[in-house]
Each structure stands twice: as structure tokens, then as C-alpha cells.
$ cat structure.cif   # mmCIF, N, CA and C atoms
data_work
#
loop_
_atom_site.label_atom_id
_atom_site.label_comp_id
_atom_site.auth_asym_id
_atom_site.auth_seq_id
_atom_site.Cartn_x
_atom_site.Cartn_y
_atom_site.Cartn_z
N MET A 1 26.04 19.11 -4.58
CA MET A 1 25.54 19.40 -5.90
C MET A 1 24.21 18.70 -6.10
N LEU A 2 23.23 19.40 -6.63
CA LEU A 2 21.92 18.84 -6.86
C LEU A 2 21.91 18.00 -8.12
N GLU A 3 21.23 16.86 -8.04
CA GLU A 3 21.07 16.01 -9.22
C GLU A 3 19.92 16.56 -10.04
N ARG A 4 20.15 16.72 -11.31
CA ARG A 4 19.11 17.25 -12.18
C ARG A 4 18.44 16.10 -12.92
N ARG A 5 17.12 16.00 -12.78
CA ARG A 5 16.35 14.94 -13.43
C ARG A 5 15.29 15.56 -14.32
N SER A 6 14.92 14.85 -15.35
CA SER A 6 13.84 15.33 -16.22
C SER A 6 12.51 15.04 -15.54
N ARG A 7 11.47 15.69 -16.00
CA ARG A 7 10.13 15.44 -15.48
C ARG A 7 9.71 14.00 -15.73
N SER A 8 10.11 13.44 -16.87
CA SER A 8 9.72 12.05 -17.15
C SER A 8 10.39 11.09 -16.17
N GLU A 9 11.64 11.38 -15.75
CA GLU A 9 12.30 10.54 -14.74
C GLU A 9 11.57 10.66 -13.41
N ASP A 10 11.13 11.88 -13.06
CA ASP A 10 10.37 12.07 -11.82
C ASP A 10 9.06 11.30 -11.88
N ARG A 11 8.38 11.34 -13.03
CA ARG A 11 7.13 10.60 -13.18
C ARG A 11 7.36 9.11 -13.05
N ASP A 12 8.46 8.59 -13.66
CA ASP A 12 8.75 7.16 -13.57
C ASP A 12 9.02 6.76 -12.12
N ARG A 13 9.77 7.59 -11.40
CA ARG A 13 10.04 7.29 -9.99
C ARG A 13 8.75 7.32 -9.18
N ALA A 14 7.93 8.32 -9.43
CA ALA A 14 6.67 8.44 -8.69
C ALA A 14 5.75 7.27 -8.97
N SER A 15 5.76 6.76 -10.21
CA SER A 15 4.85 5.68 -10.55
C SER A 15 5.16 4.41 -9.79
N HIS A 16 6.39 4.26 -9.32
CA HIS A 16 6.76 3.06 -8.57
C HIS A 16 6.71 3.27 -7.06
N ALA A 17 6.45 4.51 -6.63
CA ALA A 17 6.49 4.83 -5.21
C ALA A 17 5.49 4.01 -4.40
N ALA A 18 4.36 3.69 -4.98
CA ALA A 18 3.34 2.93 -4.26
C ALA A 18 3.81 1.52 -3.97
N LEU A 19 4.84 1.07 -4.68
CA LEU A 19 5.31 -0.29 -4.51
C LEU A 19 6.47 -0.41 -3.54
N GLU A 20 7.04 0.71 -3.13
CA GLU A 20 8.22 0.70 -2.27
C GLU A 20 7.86 1.05 -0.83
N PRO A 21 8.03 0.08 0.10
CA PRO A 21 7.67 0.35 1.51
C PRO A 21 8.42 1.51 2.13
N SER A 22 9.60 1.87 1.62
CA SER A 22 10.36 2.98 2.18
C SER A 22 9.83 4.34 1.71
N SER A 23 8.98 4.34 0.69
CA SER A 23 8.45 5.57 0.14
C SER A 23 7.42 6.19 1.07
N PRO A 24 7.37 7.53 1.15
CA PRO A 24 6.33 8.16 1.96
C PRO A 24 4.95 7.89 1.39
N PHE A 25 4.88 7.47 0.14
CA PHE A 25 3.60 7.18 -0.47
C PHE A 25 3.35 5.71 -0.67
N TYR A 26 4.02 4.89 0.12
CA TYR A 26 3.71 3.47 0.08
C TYR A 26 2.26 3.32 0.52
N LEU A 27 1.44 2.79 -0.35
CA LEU A 27 0.03 2.64 -0.03
C LEU A 27 -0.21 1.29 0.63
N ARG A 28 -0.57 1.33 1.88
CA ARG A 28 -0.83 0.09 2.60
C ARG A 28 -2.07 -0.61 2.04
N ALA A 29 -2.93 0.15 1.42
CA ALA A 29 -4.15 -0.41 0.83
C ALA A 29 -4.16 -0.09 -0.65
N SER A 30 -4.11 -1.11 -1.49
CA SER A 30 -4.17 -0.85 -2.92
C SER A 30 -5.62 -0.68 -3.37
N GLU A 31 -6.57 -0.96 -2.47
CA GLU A 31 -7.98 -0.72 -2.73
C GLU A 31 -8.59 -0.01 -1.53
N PHE A 32 -9.36 1.03 -1.80
CA PHE A 32 -10.07 1.73 -0.74
C PHE A 32 -11.22 2.51 -1.35
N GLY A 33 -12.27 2.68 -0.58
CA GLY A 33 -13.40 3.50 -1.00
C GLY A 33 -14.03 3.09 -2.33
N GLY A 34 -13.90 1.84 -2.70
CA GLY A 34 -14.48 1.39 -3.97
C GLY A 34 -13.56 1.56 -5.17
N TYR A 35 -12.30 1.95 -4.93
CA TYR A 35 -11.35 2.19 -6.01
C TYR A 35 -10.12 1.28 -5.86
N ARG A 36 -9.57 0.86 -6.98
CA ARG A 36 -8.35 0.05 -7.01
C ARG A 36 -7.22 0.91 -7.58
N VAL A 37 -6.20 1.17 -6.78
CA VAL A 37 -5.08 2.02 -7.19
C VAL A 37 -4.21 1.29 -8.21
N GLU A 38 -3.83 2.01 -9.27
CA GLU A 38 -2.98 1.45 -10.30
C GLU A 38 -1.54 1.93 -10.19
N ARG A 39 -1.34 3.26 -10.08
CA ARG A 39 0.02 3.78 -9.94
C ARG A 39 0.01 5.21 -9.44
N VAL A 40 1.15 5.65 -8.95
CA VAL A 40 1.30 7.03 -8.50
C VAL A 40 1.73 7.87 -9.70
N LEU A 41 0.98 8.93 -9.99
CA LEU A 41 1.32 9.83 -11.09
C LEU A 41 2.35 10.86 -10.67
N SER A 42 2.12 11.47 -9.50
CA SER A 42 3.04 12.50 -9.03
C SER A 42 2.89 12.69 -7.53
N THR A 43 3.90 13.32 -6.97
CA THR A 43 3.86 13.67 -5.55
C THR A 43 4.20 15.15 -5.42
N GLY A 44 3.72 15.75 -4.35
CA GLY A 44 3.97 17.16 -4.12
C GLY A 44 4.14 17.43 -2.63
N ALA A 45 4.09 18.68 -2.27
CA ALA A 45 4.31 19.09 -0.88
C ALA A 45 3.25 18.55 0.07
N LEU A 46 2.01 18.45 -0.40
CA LEU A 46 0.92 18.02 0.48
C LEU A 46 0.51 16.57 0.28
N GLY A 47 0.80 16.01 -0.89
CA GLY A 47 0.30 14.67 -1.12
C GLY A 47 0.72 14.08 -2.44
N ALA A 48 -0.11 13.16 -2.92
CA ALA A 48 0.16 12.45 -4.17
C ALA A 48 -1.11 12.38 -5.00
N VAL A 49 -0.89 12.14 -6.28
CA VAL A 49 -1.99 11.91 -7.21
C VAL A 49 -1.76 10.53 -7.81
N VAL A 50 -2.78 9.67 -7.72
CA VAL A 50 -2.67 8.31 -8.22
C VAL A 50 -3.75 8.05 -9.26
N THR A 51 -3.45 7.12 -10.17
CA THR A 51 -4.50 6.66 -11.07
C THR A 51 -5.14 5.44 -10.43
N ALA A 52 -6.42 5.28 -10.67
CA ALA A 52 -7.16 4.17 -10.07
C ALA A 52 -8.34 3.83 -10.98
N ARG A 53 -9.03 2.77 -10.62
CA ARG A 53 -10.26 2.37 -11.32
C ARG A 53 -11.33 2.07 -10.29
N HIS A 54 -12.54 2.44 -10.64
CA HIS A 54 -13.67 2.07 -9.80
C HIS A 54 -13.80 0.56 -9.87
N ARG A 55 -13.94 -0.10 -8.73
CA ARG A 55 -13.95 -1.56 -8.71
C ARG A 55 -15.10 -2.18 -9.48
N GLN A 56 -16.26 -1.58 -9.44
CA GLN A 56 -17.41 -2.18 -10.12
C GLN A 56 -17.56 -1.70 -11.56
N GLN A 57 -17.42 -0.40 -11.78
CA GLN A 57 -17.64 0.14 -13.12
C GLN A 57 -16.39 0.16 -13.98
N GLU A 58 -15.23 -0.10 -13.39
CA GLU A 58 -13.94 -0.07 -14.09
C GLU A 58 -13.64 1.28 -14.72
N GLN A 59 -14.29 2.33 -14.23
CA GLN A 59 -14.06 3.69 -14.72
C GLN A 59 -12.68 4.16 -14.26
N PRO A 60 -11.83 4.63 -15.20
CA PRO A 60 -10.54 5.18 -14.78
C PRO A 60 -10.73 6.55 -14.11
N VAL A 61 -10.03 6.76 -13.01
CA VAL A 61 -10.12 8.01 -12.27
C VAL A 61 -8.73 8.41 -11.78
N VAL A 62 -8.65 9.60 -11.27
CA VAL A 62 -7.45 10.09 -10.61
C VAL A 62 -7.84 10.42 -9.18
N ILE A 63 -7.01 10.01 -8.22
CA ILE A 63 -7.32 10.26 -6.81
C ILE A 63 -6.21 11.09 -6.21
N LYS A 64 -6.60 12.14 -5.50
CA LYS A 64 -5.66 13.02 -4.81
C LYS A 64 -5.67 12.65 -3.34
N LEU A 65 -4.47 12.36 -2.80
CA LEU A 65 -4.32 11.92 -1.41
C LEU A 65 -3.35 12.83 -0.67
N LEU A 66 -3.50 12.89 0.63
CA LEU A 66 -2.55 13.63 1.46
C LEU A 66 -1.37 12.73 1.85
N HIS A 67 -0.22 13.35 2.14
CA HIS A 67 0.91 12.61 2.68
C HIS A 67 0.45 11.90 3.95
N PRO A 68 0.98 10.71 4.24
CA PRO A 68 0.57 9.97 5.43
C PRO A 68 0.64 10.79 6.73
N GLU A 69 1.67 11.61 6.87
CA GLU A 69 1.80 12.38 8.11
C GLU A 69 0.80 13.54 8.20
N LEU A 70 0.13 13.86 7.10
CA LEU A 70 -0.86 14.94 7.09
C LEU A 70 -2.30 14.44 7.13
N ARG A 71 -2.49 13.14 7.10
CA ARG A 71 -3.83 12.56 7.01
C ARG A 71 -4.75 12.96 8.15
N ASN A 72 -4.20 13.15 9.34
CA ASN A 72 -5.01 13.52 10.50
C ASN A 72 -4.82 14.97 10.91
N ASP A 73 -4.14 15.74 10.06
CA ASP A 73 -3.90 17.15 10.33
C ASP A 73 -5.14 17.96 9.94
N ALA A 74 -5.70 18.68 10.88
CA ALA A 74 -6.95 19.42 10.64
C ALA A 74 -6.82 20.44 9.53
N ALA A 75 -5.72 21.17 9.48
CA ALA A 75 -5.55 22.20 8.45
C ALA A 75 -5.45 21.58 7.05
N SER A 76 -4.74 20.47 6.93
CA SER A 76 -4.62 19.80 5.63
C SER A 76 -5.95 19.20 5.19
N SER A 77 -6.67 18.63 6.13
CA SER A 77 -7.99 18.08 5.81
C SER A 77 -8.94 19.18 5.39
N ALA A 78 -8.87 20.33 6.05
CA ALA A 78 -9.72 21.46 5.68
C ALA A 78 -9.37 21.97 4.29
N ARG A 79 -8.09 21.95 3.97
CA ARG A 79 -7.65 22.42 2.65
C ARG A 79 -8.18 21.52 1.54
N ILE A 80 -8.10 20.21 1.73
CA ILE A 80 -8.60 19.28 0.71
C ILE A 80 -10.13 19.37 0.61
N SER A 81 -10.79 19.64 1.73
CA SER A 81 -12.24 19.82 1.73
C SER A 81 -12.63 21.09 0.96
N ARG A 82 -11.88 22.17 1.16
CA ARG A 82 -12.14 23.42 0.42
C ARG A 82 -11.94 23.20 -1.08
N GLU A 83 -10.90 22.45 -1.43
CA GLU A 83 -10.64 22.16 -2.83
C GLU A 83 -11.83 21.41 -3.45
N ALA A 84 -12.37 20.46 -2.71
CA ALA A 84 -13.53 19.71 -3.19
C ALA A 84 -14.72 20.64 -3.40
N HIS A 85 -14.98 21.54 -2.45
CA HIS A 85 -16.11 22.46 -2.56
C HIS A 85 -15.94 23.39 -3.77
N VAL A 86 -14.73 23.87 -3.99
CA VAL A 86 -14.47 24.76 -5.13
C VAL A 86 -14.67 24.01 -6.44
N LEU A 87 -14.07 22.82 -6.56
CA LEU A 87 -14.19 22.05 -7.79
C LEU A 87 -15.65 21.70 -8.10
N ALA A 88 -16.42 21.40 -7.08
CA ALA A 88 -17.83 21.05 -7.27
C ALA A 88 -18.65 22.22 -7.78
N ARG A 89 -18.21 23.44 -7.51
CA ARG A 89 -18.97 24.63 -7.88
C ARG A 89 -18.52 25.27 -9.19
N ILE A 90 -17.50 24.72 -9.83
CA ILE A 90 -16.98 25.33 -11.05
C ILE A 90 -17.06 24.34 -12.21
N PRO A 91 -18.25 24.16 -12.77
CA PRO A 91 -18.34 23.29 -13.95
C PRO A 91 -17.81 24.03 -15.17
N HIS A 92 -16.73 23.54 -15.73
CA HIS A 92 -16.12 24.18 -16.89
C HIS A 92 -15.36 23.13 -17.68
N PRO A 93 -15.42 23.18 -19.01
CA PRO A 93 -14.75 22.15 -19.82
C PRO A 93 -13.23 22.12 -19.67
N ASN A 94 -12.64 23.21 -19.17
CA ASN A 94 -11.19 23.26 -19.02
C ASN A 94 -10.72 22.99 -17.59
N ILE A 95 -11.65 22.58 -16.73
CA ILE A 95 -11.31 22.26 -15.34
C ILE A 95 -11.74 20.83 -15.07
N VAL A 96 -10.83 20.06 -14.51
CA VAL A 96 -11.12 18.66 -14.22
C VAL A 96 -12.33 18.55 -13.28
N ARG A 97 -13.19 17.54 -13.53
CA ARG A 97 -14.42 17.39 -12.73
C ARG A 97 -14.17 16.57 -11.47
N LEU A 98 -14.76 17.01 -10.39
CA LEU A 98 -14.76 16.26 -9.15
C LEU A 98 -15.85 15.20 -9.25
N LEU A 99 -15.48 13.92 -9.04
CA LEU A 99 -16.44 12.83 -9.14
C LEU A 99 -16.90 12.32 -7.78
N ASP A 100 -16.02 12.40 -6.79
CA ASP A 100 -16.33 11.81 -5.49
C ASP A 100 -15.33 12.33 -4.46
N THR A 101 -15.69 12.21 -3.21
CA THR A 101 -14.77 12.49 -2.10
C THR A 101 -14.95 11.36 -1.09
N GLY A 102 -13.99 11.23 -0.21
CA GLY A 102 -14.13 10.21 0.81
C GLY A 102 -13.06 10.30 1.87
N TRP A 103 -13.15 9.42 2.83
CA TRP A 103 -12.17 9.32 3.91
C TRP A 103 -12.15 7.87 4.36
N THR A 104 -10.97 7.31 4.46
CA THR A 104 -10.84 5.97 5.02
C THR A 104 -9.70 5.97 6.03
N GLU A 105 -9.72 5.00 6.90
CA GLU A 105 -8.67 4.86 7.90
C GLU A 105 -7.30 4.67 7.24
N GLN A 106 -7.28 3.93 6.11
CA GLN A 106 -6.01 3.63 5.44
C GLN A 106 -5.36 4.84 4.79
N VAL A 107 -6.16 5.72 4.16
CA VAL A 107 -5.57 6.83 3.38
C VAL A 107 -6.01 8.21 3.83
N GLY A 108 -6.94 8.32 4.75
CA GLY A 108 -7.42 9.62 5.18
C GLY A 108 -8.36 10.22 4.13
N PRO A 109 -8.41 11.57 4.03
CA PRO A 109 -9.31 12.19 3.06
C PRO A 109 -8.76 12.08 1.64
N TYR A 110 -9.67 11.98 0.67
CA TYR A 110 -9.22 11.92 -0.72
C TYR A 110 -10.27 12.52 -1.63
N LEU A 111 -9.81 12.96 -2.81
CA LEU A 111 -10.67 13.49 -3.85
C LEU A 111 -10.56 12.57 -5.06
N VAL A 112 -11.67 12.25 -5.67
CA VAL A 112 -11.69 11.45 -6.90
C VAL A 112 -12.04 12.39 -8.04
N LEU A 113 -11.16 12.45 -9.03
CA LEU A 113 -11.31 13.37 -10.15
C LEU A 113 -11.39 12.61 -11.46
N GLU A 114 -11.95 13.24 -12.47
CA GLU A 114 -12.01 12.59 -13.77
C GLU A 114 -10.59 12.39 -14.28
N HIS A 115 -10.38 11.30 -15.01
CA HIS A 115 -9.08 10.97 -15.58
C HIS A 115 -9.04 11.50 -17.00
N LEU A 116 -8.18 12.47 -17.24
CA LEU A 116 -8.04 13.04 -18.57
C LEU A 116 -6.87 12.39 -19.27
N VAL A 117 -7.06 12.02 -20.52
CA VAL A 117 -6.00 11.40 -21.30
C VAL A 117 -5.48 12.43 -22.28
N GLY A 118 -4.16 12.54 -22.35
CA GLY A 118 -3.57 13.49 -23.28
C GLY A 118 -2.17 13.84 -22.84
N ILE A 119 -1.64 14.88 -23.40
CA ILE A 119 -0.28 15.33 -23.09
C ILE A 119 -0.39 16.47 -22.10
N ASP A 120 0.35 16.36 -20.98
CA ASP A 120 0.31 17.46 -20.03
C ASP A 120 1.22 18.59 -20.52
N LEU A 121 1.05 19.76 -19.96
CA LEU A 121 1.77 20.94 -20.40
C LEU A 121 3.28 20.75 -20.27
N ALA A 122 3.75 20.15 -19.17
CA ALA A 122 5.18 19.95 -18.97
C ALA A 122 5.77 19.10 -20.07
N ARG A 123 5.10 18.01 -20.43
CA ARG A 123 5.60 17.13 -21.49
C ARG A 123 5.56 17.85 -22.84
N MET A 124 4.53 18.64 -23.10
CA MET A 124 4.43 19.37 -24.34
C MET A 124 5.59 20.35 -24.47
N LEU A 125 5.90 21.05 -23.37
CA LEU A 125 7.01 22.00 -23.39
C LEU A 125 8.35 21.30 -23.57
N GLU A 126 8.50 20.09 -22.99
CA GLU A 126 9.74 19.32 -23.17
C GLU A 126 9.95 18.94 -24.63
N THR A 127 8.88 18.55 -25.32
CA THR A 127 8.99 18.06 -26.69
C THR A 127 8.95 19.17 -27.72
N ARG A 128 8.18 20.22 -27.47
CA ARG A 128 8.02 21.28 -28.47
C ARG A 128 8.81 22.53 -28.15
N GLY A 129 9.26 22.64 -26.90
CA GLY A 129 10.06 23.79 -26.51
C GLY A 129 9.33 25.01 -26.30
#

$ encode --input "structure.cif" --output "C-alpha cells"
Amino acid sequence: MLERRSRSEDRDRASHAALEPSSPFYLRASEFGGYRVERVLSTGALGAVVTARHRQQEQPVVIKLLHPELRNDAASSARISREAHVLARIPHPNIVRLLDTGWTEQVGPYLVLEHLVGIDLARMLETRG
């Protein structure tokens, strides 16, 4: 029988994943590429999304990372690269802005996106129905 969890329980579990060595998203480096990781927001089939801050400017950002086992996979790296190219070419107020991209030995390729504050659609639907 499958255990049914709410989205908020999934978010709470994901937020602690960076702290648990048994987690696939245990981050060996809490700082990389000029950013300091704060917590894991969510995980998916290809990777995770974490909140972070730029070390010098203290700007809050969101970073998209690949799963550790996909970091050196050419197809996954190409996919994240295509996503960066698409985001860079679509300036629109309703689409999150790409701020930076990078690659490090610790985390592989990553995308740095603007950090939007507000209620996500899933939470809105949970509360308002």
C-alpha cells in the first residue's frame, strides 16, 4: 500500500535532504560557484531545486541541480544546457529569469534562477481548492 503524503510534507522532507548523507541529494559542498546553499526546495526525476545566496551580494537565488548519478551524463547535461538557452531567450514577466549557469566538480552543471517569493500553485490549490 502506498503512503499518501501532502505536498507540504514532501517539501519538508526535501528541505532536509541536503543534511542527510543517505539522501541522493546530500550536498557534499554547501558552497559552490559563488553560492551558499540554504535548503532543498524539491526533488524530481532529473534533479533538485535548492535555495541559495550569492556569497558576496547575499542575493537570494534558486539553483537547479542534476541528480549525482546524472552529473556526468551527456544527455542530462545537454538537457540542462538547452533549458538554460531557452530561458535566456524568453524574457517575460511570468517566466523565471535565468541569472547564471555553471559547472563544478562537486555538483556538475547547474542553473541559477531568480528567487520568487509567494505562494506556489500547488499550495494555493491545497488551501483554496

$ resolve_selection --input "structure.cif" --expression "the PyMOL selection byres ((chain A and resi 51) around 7)" --output "list in words"
Arg36, Val37, Glu38, Arg39, Val40, Leu41, Val49, Val50, Ala52, Arg53, Pro60, Val61, Val62 and Ile63 of chain A

$ residues_around --input "structure.cif" --residues "stretch 89-100 of chain A" --least-positions-apart "3" --cutoff "8 Å" --atoms "only N, CA and C atoms" --output "PyMOL selection string"
chain A and resi 83-86+110-116

$ write_last_selection --input "structure.cif" --atoms "N, CA and C atoms" --output "PDB file, in the frame of the given file"
ATOM      1  N   GLU A  83     -10.900  22.450  -1.430  1.00  0.00           N
ATOM      2  CA  GLU A  83     -10.640  22.160  -2.830  1.00  0.00           C
ATOM      3  C   GLU A  83     -11.830  21.410  -3.450  1.00  0.00           C
ATOM      4  N   ALA A  84     -12.370  20.460  -2.710  1.00  0.00           N
ATOM      5  CA  ALA A  84     -13.530  19.710  -3.190  1.00  0.00           C
ATOM      6  C   ALA A  84     -14.720  20.640  -3.400  1.00  0.00           C
ATOM      7  N   HIS A  85     -14.980  21.540  -2.450  1.00  0.00           N
ATOM      8  CA  HIS A  85     -16.110  22.460  -2.560  1.00  0.00           C
ATOM      9  C   HIS A  85     -15.940  23.390  -3.770  1.00  0.00           C
ATOM     10  N   VAL A  86     -14.730  23.870  -3.990  1.00  0.00           N
ATOM     11  CA  VAL A  86     -14.470  24.760  -5.130  1.00  0.00           C
ATOM     12  C   VAL A  86     -14.670  24.010  -6.440  1.00  0.00           C
ATOM     13  N   TYR A 110      -9.670  11.980   0.670  1.00  0.00           N
ATOM     14  CA  TYR A 110      -9.220  11.920  -0.720  1.00  0.00           C
ATOM     15  C   TYR A 110     -10.270  12.520  -1.630  1.00  0.00           C
ATOM     16  N   LEU A 111      -9.810  12.960  -2.810  1.00  0.00           N
ATOM     17  CA  LEU A 111     -10.670  13.490  -3.850  1.00  0.00           C
ATOM     18  C   LEU A 111     -10.560  12.570  -5.060  1.00  0.00           C
ATOM     19  N   VAL A 112     -11.670  12.250  -5.670  1.00  0.00           N
ATOM     20  CA  VAL A 112     -11.690  11.450  -6.900  1.00  0.00           C
ATOM     21  C   VAL A 112     -12.040  12.390  -8.040  1.00  0.00           C
ATOM     22  N   LEU A 113     -11.160  12.450  -9.030  1.00  0.00           N
ATOM     23  CA  LEU A 113     -11.310  13.370 -10.150  1.00  0.00           C
ATOM     24  C   LEU A 113     -11.390  12.610 -11.460  1.00  0.00           C
ATOM     25  N   GLU A 114     -11.950  13.240 -12.470  1.00  0.00           N
ATOM     26  CA  GLU A 114     -12.010  12.590 -13.770  1.00  0.00           C
ATOM     27  C   GLU A 114     -10.590  12.390 -14.280  1.00  0.00           C
ATOM     28  N   HIS A 115     -10.380  11.300 -15.010  1.00  0.00           N
ATOM     29  CA  HIS A 115      -9.080  10.970 -15.580  1.00  0.00           C
ATOM     30  C   HIS A 115      -9.040  11.500 -17.000  1.00  0.00           C
ATOM     31  N   LEU A 116      -8.180  12.470 -17.240  1.00  0.00           N
ATOM     32  CA  LEU A 116      -8.040  13.040 -18.570  1.00  0.00           C
ATOM     33  C   LEU A 116      -6.870  12.390 -19.270  1.00  0.00           C
TER      34      LEU A 116
END

$ select_by_dssp --input "structure.cif" --residues "stretch 67-106 of chain A" --states "alpha helix (DSSP H)" --output "list of chain:residue names"
A:Ala74, A:Ala75, A:Ser76, A:Ser77, A:Ala78, A:Arg79, A:Ile80, A:Ser81, A:Arg82, A:Glu83, A:Ala84, A:His85, A:Val86, A:Leu87, A:Ala88, A:Arg89

$ closest_residue --input "structure.cif" --among "A:Ala48, A:Ile119, A:Leu125, A:Leu87" --to "A:Leu65" --atoms "only C-alpha atoms"
A:Ala48

$ atom_distance --input "structure.cif" --atom1 "atom C of A:Tyr35" --atom2 "atom C of A:Arg55"
7.1 Å

$ atom_distance --input "structure.cif" --atom1 "atom N of A:Ser81" --atom2 "atom C of A:His54"
22.5 Å

$ atom_distance --input "structure.cif" --atom1 "atom C of A:Gln59" --atom2 "atom CA of A:Glu31"
13.4 Å

$ select_by_dssp --input "structure.cif" --residues "stretch 69-126 of chain A" --states "strand (DSSP E)" --output "PyMOL selection string"
chain A and resi 98-104+108-114
